[in-house]
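The block underneath contains the structure these notes are about, expressed in C-alpha coordinates.
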Amino acid sequence: MNIFRLAGDMTHLLSIVVLLLKINATRSCRGISLKTQELYALVFVCRYLDLFTNYISLYNTLMKIIFLASTFTIIYFMRFHKVVKLSYDKEHDKFRTWFIFVPCLVLALAFNSAFTIMEVAWTFSIYLETVAILPQLVLLQKTQNIDNLTGHYVFLLGSYRGLYILNWIYRYMTESHYRQWIVWISGIVQTAVYVDFFYYYIKSWNTHKKLTIPN
(Lines give C-alpha, C1' and ligand atoms only; values in the text may rest on other atoms or scores of the structure.)
Protein backbone atom coordinates (compact mmCIF):
# COMPACT_ATOMS: atom_id res chain seq x y z
CA MET A 1 0.00 0.00 0.00
CA ASN A 2 1.27 3.46 -0.92
CA ILE A 3 0.67 6.80 0.79
CA PHE A 4 -1.97 7.89 -1.74
CA ARG A 5 -4.08 4.77 -1.18
CA LEU A 6 -3.80 5.18 2.60
CA ALA A 7 -4.67 8.88 2.40
CA GLY A 8 -7.66 8.05 0.20
CA ASP A 9 -8.93 5.42 2.61
CA MET A 10 -8.52 7.70 5.61
CA THR A 11 -10.25 10.57 3.83
CA HIS A 12 -13.15 8.27 2.92
CA LEU A 13 -13.35 7.07 6.51
CA LEU A 14 -13.18 10.65 7.81
CA SER A 15 -16.10 11.65 5.59
CA ILE A 16 -18.27 8.99 7.23
CA VAL A 17 -17.05 9.97 10.71
CA VAL A 18 -17.99 13.60 10.00
CA LEU A 19 -21.48 12.53 8.92
CA LEU A 20 -21.97 10.35 11.99
CA LEU A 21 -20.76 13.20 14.22
CA LYS A 22 -23.25 15.55 12.59
CA ILE A 23 -26.14 13.16 13.15
CA ASN A 24 -25.10 12.33 16.72
CA ALA A 25 -24.32 15.90 17.79
CA THR A 26 -27.34 17.60 16.24
CA ARG A 27 -29.81 14.69 16.40
CA SER A 28 -30.64 15.69 12.84
CA CYS A 29 -30.05 14.39 9.33
CA ARG A 30 -31.26 17.58 7.67
CA GLY A 31 -29.57 18.07 4.30
CA ILE A 32 -28.56 14.40 4.00
CA SER A 33 -29.92 12.21 1.23
CA LEU A 34 -31.15 8.81 2.40
CA LYS A 35 -31.15 7.67 -1.22
CA THR A 36 -27.43 8.33 -1.50
CA GLN A 37 -26.77 6.44 1.74
CA GLU A 38 -28.79 3.47 0.51
CA LEU A 39 -26.94 3.50 -2.81
CA TYR A 40 -23.63 3.43 -0.92
CA ALA A 41 -24.91 0.53 1.18
CA LEU A 42 -25.62 -1.36 -2.05
CA VAL A 43 -22.17 -0.41 -3.35
CA PHE A 44 -20.45 -1.86 -0.27
CA VAL A 45 -22.58 -5.00 -0.13
CA CYS A 46 -21.86 -5.81 -3.79
CA ARG A 47 -18.17 -4.94 -3.51
CA TYR A 48 -17.54 -6.88 -0.32
CA LEU A 49 -19.33 -10.14 -1.13
CA ASP A 50 -15.94 -11.77 -0.65
CA LEU A 51 -15.60 -10.50 2.92
CA PHE A 52 -15.60 -13.99 4.42
CA THR A 53 -14.16 -15.91 1.46
CA ASN A 54 -11.15 -13.89 0.30
CA TYR A 55 -8.79 -12.76 3.04
CA ILE A 56 -6.25 -10.16 1.88
CA SER A 57 -5.10 -8.51 5.09
CA LEU A 58 -6.39 -7.47 8.51
CA TYR A 59 -6.47 -3.84 7.34
CA ASN A 60 -8.55 -4.74 4.28
CA THR A 61 -11.02 -6.80 6.31
CA LEU A 62 -11.42 -4.14 9.00
CA MET A 63 -12.02 -1.40 6.42
CA LYS A 64 -14.71 -3.48 4.71
CA ILE A 65 -16.49 -4.10 8.02
CA ILE A 66 -16.20 -0.45 9.07
CA PHE A 67 -17.66 0.86 5.78
CA LEU A 68 -20.53 -1.63 5.89
CA ALA A 69 -21.34 -1.07 9.57
CA SER A 70 -21.09 2.73 9.45
CA THR A 71 -23.24 3.07 6.34
CA PHE A 72 -26.00 0.85 7.71
CA THR A 73 -25.79 2.76 11.02
CA ILE A 74 -26.44 6.02 9.15
CA ILE A 75 -29.40 4.44 7.36
CA TYR A 76 -30.76 3.14 10.68
CA PHE A 77 -30.60 6.62 12.21
CA MET A 78 -32.31 8.21 9.22
CA ARG A 79 -35.07 5.61 8.96
CA PHE A 80 -35.75 4.49 12.51
CA HIS A 81 -34.28 6.80 15.18
CA LYS A 82 -37.25 8.46 16.85
CA VAL A 83 -35.67 11.93 16.78
CA VAL A 84 -33.32 11.89 13.80
CA LYS A 85 -35.85 10.50 11.34
CA LEU A 86 -38.12 13.52 11.93
CA SER A 87 -35.56 15.81 10.30
CA TYR A 88 -35.22 13.76 7.11
CA ASP A 89 -36.30 15.85 4.12
CA LYS A 90 -38.27 13.20 2.28
CA GLU A 91 -40.14 15.82 0.28
CA HIS A 92 -37.02 16.97 -1.56
CA ASP A 93 -35.07 13.70 -1.58
CA LYS A 94 -36.95 12.31 -4.56
CA PHE A 95 -34.18 11.42 -6.99
CA ARG A 96 -35.30 8.45 -9.10
CA THR A 97 -32.46 6.08 -8.31
CA TRP A 98 -33.51 3.50 -10.87
CA PHE A 99 -32.32 6.00 -13.51
CA ILE A 100 -28.78 5.26 -12.38
CA PHE A 101 -29.29 1.75 -10.97
CA VAL A 102 -30.44 0.19 -14.26
CA PRO A 103 -27.70 1.68 -16.50
CA CYS A 104 -25.03 0.66 -13.97
CA LEU A 105 -26.37 -2.89 -13.92
CA VAL A 106 -26.45 -3.07 -17.72
CA LEU A 107 -22.88 -1.74 -17.91
CA ALA A 108 -21.73 -4.31 -15.33
CA LEU A 109 -23.30 -7.14 -17.33
CA ALA A 110 -21.79 -5.85 -20.58
CA PHE A 111 -18.36 -4.68 -19.47
CA ASN A 112 -16.55 -6.73 -16.83
CA SER A 113 -13.33 -8.68 -16.53
CA ALA A 114 -15.09 -12.03 -15.95
CA PHE A 115 -18.74 -13.01 -16.28
CA THR A 116 -19.21 -14.44 -12.79
CA ILE A 117 -21.58 -13.38 -10.02
CA MET A 118 -18.77 -12.05 -7.84
CA GLU A 119 -17.06 -10.16 -10.64
CA VAL A 120 -20.25 -8.66 -12.08
CA ALA A 121 -21.35 -7.58 -8.58
CA TRP A 122 -17.93 -5.99 -7.96
CA THR A 123 -18.02 -4.21 -11.33
CA PHE A 124 -21.58 -3.04 -10.67
CA SER A 125 -20.39 -1.50 -7.38
CA ILE A 126 -17.68 0.42 -9.23
CA TYR A 127 -20.15 1.86 -11.73
CA LEU A 128 -22.76 2.62 -9.06
CA GLU A 129 -20.29 4.42 -6.79
CA THR A 130 -19.49 6.73 -9.69
CA VAL A 131 -22.97 8.27 -9.49
CA ALA A 132 -24.18 7.39 -5.98
CA ILE A 133 -23.59 10.95 -4.79
CA LEU A 134 -26.04 12.45 -7.33
CA PRO A 135 -29.15 12.31 -5.06
CA GLN A 136 -27.14 14.11 -2.36
CA LEU A 137 -25.96 16.84 -4.73
CA VAL A 138 -29.46 17.31 -6.14
CA LEU A 139 -30.92 17.55 -2.61
CA LEU A 140 -28.41 20.24 -1.63
CA GLN A 141 -29.11 22.14 -4.82
CA LYS A 142 -32.87 22.02 -4.24
CA THR A 143 -32.87 23.06 -0.59
CA GLN A 144 -29.70 25.18 -0.34
CA ASN A 145 -29.59 23.79 3.20
CA ILE A 146 -25.86 23.13 3.47
CA ASP A 147 -24.44 23.34 6.98
CA ASN A 148 -20.69 23.15 7.56
CA LEU A 149 -20.59 19.46 8.50
CA THR A 150 -22.66 18.42 5.49
CA GLY A 151 -20.38 20.45 3.24
CA HIS A 152 -17.28 18.87 4.78
CA TYR A 153 -18.81 15.41 4.39
CA VAL A 154 -19.42 15.82 0.66
CA PHE A 155 -16.03 17.48 0.11
CA LEU A 156 -14.16 14.65 1.86
CA LEU A 157 -16.18 12.03 0.00
CA GLY A 158 -15.17 13.57 -3.31
CA SER A 159 -11.57 14.14 -2.27
CA TYR A 160 -11.01 10.50 -1.42
CA ARG A 161 -11.55 9.48 -5.03
CA GLY A 162 -9.18 12.21 -6.19
CA LEU A 163 -6.50 10.71 -3.92
CA TYR A 164 -7.24 7.29 -5.39
CA ILE A 165 -6.46 8.68 -8.86
CA LEU A 166 -3.01 9.62 -7.54
CA ASN A 167 -2.75 6.08 -6.16
CA TRP A 168 -3.51 4.63 -9.61
CA ILE A 169 -0.95 6.91 -11.27
CA TYR A 170 1.66 5.85 -8.71
CA ARG A 171 0.88 2.16 -9.21
CA TYR A 172 0.96 2.53 -13.00
CA MET A 173 4.43 4.05 -12.74
CA THR A 174 5.78 1.46 -10.29
CA GLU A 175 3.96 -1.77 -11.25
CA SER A 176 4.77 -3.08 -14.74
CA HIS A 177 1.50 -4.95 -15.38
CA TYR A 178 -0.97 -2.74 -13.52
CA ARG A 179 -4.03 -2.04 -15.67
CA GLN A 180 -7.58 -1.41 -14.38
CA TRP A 181 -9.45 0.43 -17.12
CA ILE A 182 -12.93 0.04 -15.60
CA VAL A 183 -11.76 1.38 -12.26
CA TRP A 184 -9.74 4.19 -13.81
CA ILE A 185 -12.48 5.50 -16.10
CA SER A 186 -15.17 5.20 -13.41
CA GLY A 187 -12.96 6.99 -10.90
CA ILE A 188 -12.25 9.88 -13.26
CA VAL A 189 -15.98 10.25 -14.02
CA GLN A 190 -16.79 10.09 -10.30
CA THR A 191 -14.31 12.85 -9.52
CA ALA A 192 -15.72 14.96 -12.38
CA VAL A 193 -19.20 14.69 -10.84
CA TYR A 194 -17.87 16.61 -7.82
CA VAL A 195 -16.14 19.42 -9.74
CA ASP A 196 -19.07 21.84 -9.51
CA PHE A 197 -19.45 21.20 -5.78
CA PHE A 198 -15.68 21.60 -5.22
CA TYR A 199 -15.77 24.98 -6.94
CA TYR A 200 -18.54 26.38 -4.72
CA TYR A 201 -17.12 24.74 -1.58
CA ILE A 202 -13.70 26.36 -2.05
CA LYS A 203 -15.32 29.64 -3.07
CA SER A 204 -17.39 29.70 0.13
CA TRP A 205 -14.26 29.20 2.23
CA ASN A 206 -12.34 31.92 0.41
CA THR A 207 -15.20 34.43 0.75
CA HIS A 208 -16.28 33.30 4.24
CA LYS A 209 -19.85 32.94 3.03
CA LYS A 210 -22.43 30.18 3.47
CA LEU A 211 -22.04 27.37 0.95
CA THR A 212 -24.72 27.42 -1.74
CA ILE A 213 -25.04 25.55 -5.05
CA PRO A 214 -26.90 27.53 -7.75
CA ASN A 215 -29.72 25.77 -9.58
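We label chains A, B, ... in the order they appear in the C-alpha coordinates, count residues from 1 in each chain, and number ligands from 1 in the order shown.
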
Show me a table, sorted first by chain and then by increasing residue number, of the residues of stretch 36-86 of chain A having an atom at most 12 Å from stretch 99-108 of chain A, each with its shortest atom pair and the distance in Å to one decimal, counting only C-alpha atoms and written as a tab-separated table.
```
residue	atom	partner	partner_atom	distance
A:Thr36	CA	A:Ile100	CA	11.4
A:Glu38	CA	A:Phe101	CA	11.6
A:Leu39	CA	A:Phe101	CA	8.7
A:Tyr40	CA	A:Phe101	CA	11.7
A:Leu42	CA	A:Phe101	CA	10.1
A:Val43	CA	A:Phe101	CA	10.7
A:Cys46	CA	A:Leu105	CA	11.5
```

Keeping only N, CA and C atoms, write the selected residues as a PDB file, in the first residue's frame.
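Produced file selection.pdb, reproduced below:
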```pdb
ATOM      1  N   THR A  36     -28.869   8.485  -1.306  1.00  0.00           N
ATOM      2  CA  THR A  36     -27.425   8.326  -1.503  1.00  0.00           C
ATOM      3  C   THR A  36     -26.849   7.319  -0.522  1.00  0.00           C
ATOM      4  N   GLU A  38     -28.354   4.816   0.885  1.00  0.00           N
ATOM      5  CA  GLU A  38     -28.787   3.468   0.506  1.00  0.00           C
ATOM      6  C   GLU A  38     -28.052   2.973  -0.735  1.00  0.00           C
ATOM      7  N   LEU A  39     -27.741   3.882  -1.643  1.00  0.00           N
ATOM      8  CA  LEU A  39     -26.938   3.500  -2.810  1.00  0.00           C
ATOM      9  C   LEU A  39     -25.532   3.079  -2.377  1.00  0.00           C
ATOM     10  N   TYR A  40     -24.960   3.809  -1.419  1.00  0.00           N
ATOM     11  CA  TYR A  40     -23.633   3.431  -0.920  1.00  0.00           C
ATOM     12  C   TYR A  40     -23.674   2.093  -0.183  1.00  0.00           C
ATOM     13  N   LEU A  42     -25.600  -0.371  -0.965  1.00  0.00           N
ATOM     14  CA  LEU A  42     -25.617  -1.357  -2.047  1.00  0.00           C
ATOM     15  C   LEU A  42     -24.235  -1.499  -2.672  1.00  0.00           C
ATOM     16  N   VAL A  43     -23.539  -0.383  -2.830  1.00  0.00           N
ATOM     17  CA  VAL A  43     -22.166  -0.408  -3.350  1.00  0.00           C
ATOM     18  C   VAL A  43     -21.286  -1.307  -2.482  1.00  0.00           C
ATOM     19  N   CYS A  46     -22.282  -5.164  -2.540  1.00  0.00           N
ATOM     20  CA  CYS A  46     -21.862  -5.813  -3.787  1.00  0.00           C
ATOM     21  C   CYS A  46     -20.343  -5.929  -3.885  1.00  0.00           C
TER      22      CYS A  46
END
```

Each stretch 22-44 of chain A residue no farther than 7 Å from stretch 138-152 of chain A, nearest pair in Å, only C-alpha atoms, as a tab-separated table:
```
residue	atom	partner	partner_atom	distance
A:Lys22	CA	A:Leu149	CA	6.2
A:Gly31	CA	A:Asn145	CA	5.8
A:Ser33	CA	A:Leu139	CA	6.7
```

Residues of stretch 34-114 of chain A that approach stretch 161-182 of chain A to 9 Å or less, counting only C-alpha atoms: could you list each one with the shortest pair of atoms and its distance in Å to one decimal, rows by chain and increasing residue number, as a tab-separated table?
```
residue	atom	partner	partner_atom	distance
A:Phe111	CA	A:Ile182	CA	8.2
A:Asn112	CA	A:Ile182	CA	7.8
A:Ser113	CA	A:Ile182	CA	8.8
```

Deliver the residues from the most recent selection as a file, using N, CA, C and O atoms, as a CSV table (one decimal), in the first residue's frame.
```
chain,number,residue,atom,x,y,z
A,111,PHE,N,-19.8,-5.0,-19.5
A,111,PHE,CA,-18.4,-4.7,-19.5
A,111,PHE,C,-17.8,-5.1,-18.1
A,111,PHE,O,-18.0,-4.4,-17.1
A,112,ASN,N,-17.1,-6.2,-18.1
A,112,ASN,CA,-16.5,-6.7,-16.8
A,112,ASN,C,-15.3,-7.6,-17.2
A,112,ASN,O,-15.1,-7.9,-18.4
A,113,SER,N,-14.5,-7.9,-16.2
A,113,SER,CA,-13.3,-8.7,-16.5
A,113,SER,C,-13.6,-10.2,-16.5
A,113,SER,O,-12.8,-10.9,-17.0
```

Checklist line | Contacts of A:Lys82 at 12 Å (only C-alpha atoms; same-chain gap of 6+ positions) as an MDAnalysis selection string | finding: chainID A and resid 27:29 76 88

Notebook entry, point to check: When DSSP works through the backbone of this structure, what residues of chain A end up as alpha helix (DSSP H), shown as a PyMOL selection string?
Noted result: chain A and resi 3-26+34-47+58-80+98-110+117-131+134-143+148-174+181-193+195-207

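From atom CA of A:Thr97 back to atom CA of A:Thr116, the distance works out to 24.8 Å.
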
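With only C-alpha atoms as the atoms that count, the residue of A:Trp98, A:Phe4, A:Tyr201, A:Phe80 with the shortest distance to A:Leu128 is A:Trp98.
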
Next item on the list: Excluding A:Asp50 and residues on its chain fewer than 2 positions from it, collect all residues at most 10 Å away from it, counting only C-alpha atoms, and give them as a PyMOL selection string.
Entry: chain A and resi 45-48+52-55+61+64+118+122

Quick one: write out the picked residues with all heavy atoms as an mmCIF file, in the first residue's frame?
```cif
data_model
loop_
_atom_site.group_PDB
_atom_site.id
_atom_site.type_symbol
_atom_site.label_atom_id
_atom_site.label_comp_id
_atom_site.auth_asym_id
_atom_site.auth_seq_id
_atom_site.Cartn_x
_atom_site.Cartn_y
_atom_site.Cartn_z
ATOM 1 N N VAL A 45 -22.136 -3.613 -0.182
ATOM 2 C CA VAL A 45 -22.582 -5.003 -0.131
ATOM 3 C C VAL A 45 -22.103 -5.758 -1.372
ATOM 4 O O VAL A 45 -21.570 -6.874 -1.266
ATOM 5 C CB VAL A 45 -24.120 -5.090 -0.013
ATOM 6 C CG1 VAL A 45 -24.611 -6.517 -0.269
ATOM 7 C CG2 VAL A 45 -24.570 -4.633 1.371
ATOM 8 N N CYS A 46 -22.282 -5.164 -2.540
ATOM 9 C CA CYS A 46 -21.862 -5.813 -3.787
ATOM 10 C C CYS A 46 -20.343 -5.929 -3.885
ATOM 11 O O CYS A 46 -19.820 -6.934 -4.374
ATOM 12 C CB CYS A 46 -22.393 -5.039 -4.990
ATOM 13 S SG CYS A 46 -24.180 -5.140 -5.196
ATOM 14 N N ARG A 47 -19.640 -4.938 -3.395
ATOM 15 C CA ARG A 47 -18.171 -4.937 -3.506
ATOM 16 C C ARG A 47 -17.527 -5.899 -2.522
ATOM 17 O O ARG A 47 -16.482 -6.490 -2.809
ATOM 18 C CB ARG A 47 -17.635 -3.523 -3.273
ATOM 19 C CG ARG A 47 -16.135 -3.393 -3.491
ATOM 20 C CD ARG A 47 -15.719 -1.952 -3.492
ATOM 21 N NE ARG A 47 -16.415 -1.215 -4.549
ATOM 22 C CZ ARG A 47 -16.341 0.109 -4.692
ATOM 23 N NH1 ARG A 47 -15.628 0.832 -3.862
ATOM 24 N NH2 ARG A 47 -17.006 0.704 -5.666
ATOM 25 N N TYR A 48 -18.159 -6.074 -1.372
ATOM 26 C CA TYR A 48 -17.538 -6.882 -0.322
ATOM 27 C C TYR A 48 -18.211 -8.229 -0.125
ATOM 28 O O TYR A 48 -18.227 -8.780 0.976
ATOM 29 C CB TYR A 48 -17.549 -6.099 0.998
ATOM 30 C CG TYR A 48 -16.840 -4.756 0.906
ATOM 31 C CD1 TYR A 48 -17.264 -3.676 1.677
ATOM 32 C CD2 TYR A 48 -15.754 -4.561 0.054
ATOM 33 C CE1 TYR A 48 -16.628 -2.440 1.596
ATOM 34 C CE2 TYR A 48 -15.122 -3.340 -0.037
ATOM 35 C CZ TYR A 48 -15.560 -2.283 0.741
ATOM 36 O OH TYR A 48 -14.919 -1.074 0.656
ATOM 37 N N PHE A 52 -15.909 -12.797 3.621
ATOM 38 C CA PHE A 52 -15.603 -13.989 4.418
ATOM 39 C C PHE A 52 -15.000 -15.118 3.590
ATOM 40 O O PHE A 52 -14.801 -16.227 4.093
ATOM 41 C CB PHE A 52 -16.872 -14.478 5.124
ATOM 42 C CG PHE A 52 -17.483 -13.459 6.051
ATOM 43 C CD1 PHE A 52 -18.664 -12.822 5.716
ATOM 44 C CD2 PHE A 52 -16.852 -13.119 7.239
ATOM 45 C CE1 PHE A 52 -19.229 -11.871 6.567
ATOM 46 C CE2 PHE A 52 -17.389 -12.172 8.093
ATOM 47 C CZ PHE A 52 -18.579 -11.541 7.748
ATOM 48 N N THR A 53 -14.709 -14.845 2.315
ATOM 49 C CA THR A 53 -14.157 -15.907 1.460
ATOM 50 C C THR A 53 -12.787 -15.577 0.881
ATOM 51 O O THR A 53 -12.086 -16.463 0.412
ATOM 52 C CB THR A 53 -15.114 -16.203 0.292
ATOM 53 O OG1 THR A 53 -15.284 -15.025 -0.506
ATOM 54 C CG2 THR A 53 -16.469 -16.670 0.813
ATOM 55 N N ASN A 54 -12.416 -14.296 0.917
ATOM 56 C CA ASN A 54 -11.151 -13.891 0.298
ATOM 57 C C ASN A 54 -10.388 -12.970 1.234
ATOM 58 O O ASN A 54 -10.562 -11.754 1.204
ATOM 59 C CB ASN A 54 -11.418 -13.191 -1.044
ATOM 60 C CG ASN A 54 -10.140 -12.829 -1.767
ATOM 61 O OD1 ASN A 54 -9.105 -13.475 -1.598
ATOM 62 N ND2 ASN A 54 -10.206 -11.783 -2.575
ATOM 63 N N TYR A 55 -9.554 -13.555 2.072
ATOM 64 C CA TYR A 55 -8.792 -12.762 3.043
ATOM 65 C C TYR A 55 -7.555 -12.171 2.366
ATOM 66 O O TYR A 55 -6.757 -12.888 1.771
ATOM 67 C CB TYR A 55 -8.375 -13.632 4.223
ATOM 68 C CG TYR A 55 -7.564 -12.884 5.269
ATOM 69 C CD1 TYR A 55 -8.183 -12.084 6.214
ATOM 70 C CD2 TYR A 55 -6.171 -12.977 5.280
ATOM 71 C CE1 TYR A 55 -7.447 -11.387 7.162
ATOM 72 C CE2 TYR A 55 -5.424 -12.287 6.218
ATOM 73 C CZ TYR A 55 -6.065 -11.488 7.161
ATOM 74 O OH TYR A 55 -5.334 -10.804 8.093
ATOM 75 N N THR A 61 -9.809 -6.251 5.697
ATOM 76 C CA THR A 61 -11.016 -6.803 6.308
ATOM 77 C C THR A 61 -11.683 -5.793 7.236
ATOM 78 O O THR A 61 -12.902 -5.616 7.211
ATOM 79 C CB THR A 61 -10.685 -8.087 7.089
ATOM 80 O OG1 THR A 61 -10.140 -9.067 6.179
ATOM 81 C CG2 THR A 61 -11.923 -8.665 7.755
ATOM 82 N N LYS A 64 -13.448 -3.010 5.293
ATOM 83 C CA LYS A 64 -14.709 -3.482 4.714
ATOM 84 C C LYS A 64 -15.812 -3.489 5.771
ATOM 85 O O LYS A 64 -16.929 -3.014 5.531
ATOM 86 C CB LYS A 64 -14.529 -4.892 4.140
ATOM 87 C CG LYS A 64 -13.686 -4.957 2.870
ATOM 88 C CD LYS A 64 -13.521 -6.396 2.410
ATOM 89 C CE LYS A 64 -12.715 -6.479 1.129
ATOM 90 N NZ LYS A 64 -12.527 -7.883 0.679
ATOM 91 N N MET A 118 -19.622 -12.889 -8.675
ATOM 92 C CA MET A 118 -18.771 -12.045 -7.837
ATOM 93 C C MET A 118 -18.184 -10.884 -8.627
ATOM 94 O O MET A 118 -18.159 -9.735 -8.168
ATOM 95 C CB MET A 118 -17.655 -12.880 -7.215
ATOM 96 C CG MET A 118 -18.136 -13.967 -6.273
ATOM 97 S SD MET A 118 -18.755 -13.329 -4.703
ATOM 98 C CE MET A 118 -17.210 -13.038 -3.852
ATOM 99 N N TRP A 122 -19.021 -6.931 -8.259
ATOM 100 C CA TRP A 122 -17.934 -5.992 -7.956
ATOM 101 C C TRP A 122 -17.902 -4.855 -8.983
ATOM 102 O O TRP A 122 -17.792 -3.673 -8.628
ATOM 103 C CB TRP A 122 -16.596 -6.719 -7.946
ATOM 104 C CG TRP A 122 -15.427 -5.834 -7.620
ATOM 105 C CD1 TRP A 122 -14.964 -5.498 -6.384
ATOM 106 C CD2 TRP A 122 -14.585 -5.148 -8.571
ATOM 107 N NE1 TRP A 122 -13.879 -4.652 -6.499
ATOM 108 C CE2 TRP A 122 -13.630 -4.415 -7.816
ATOM 109 C CE3 TRP A 122 -14.544 -5.092 -9.953
ATOM 110 C CZ2 TRP A 122 -12.655 -3.644 -8.422
ATOM 111 C CZ3 TRP A 122 -13.570 -4.310 -10.560
ATOM 112 C CH2 TRP A 122 -12.640 -3.594 -9.792
#
```

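With only C-alpha atoms as the atoms that count, the minimum distance from A:His92 to the choices A:Leu13, A:Ile65, A:Ile75, A:Gln136 is reached by A:Gln136.
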
Checklist line | Atomic distance atom CA of A:Ile202 - atom CA of A:Tyr153, expressed in Å with one decimal | finding: 13.7 Å

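Here the question is which of A:Asp196, A:Leu14, A:Asp9, A:Val189 gets nearest to A:Pro214 using only C-alpha atoms, and that residue is A:Asp196.
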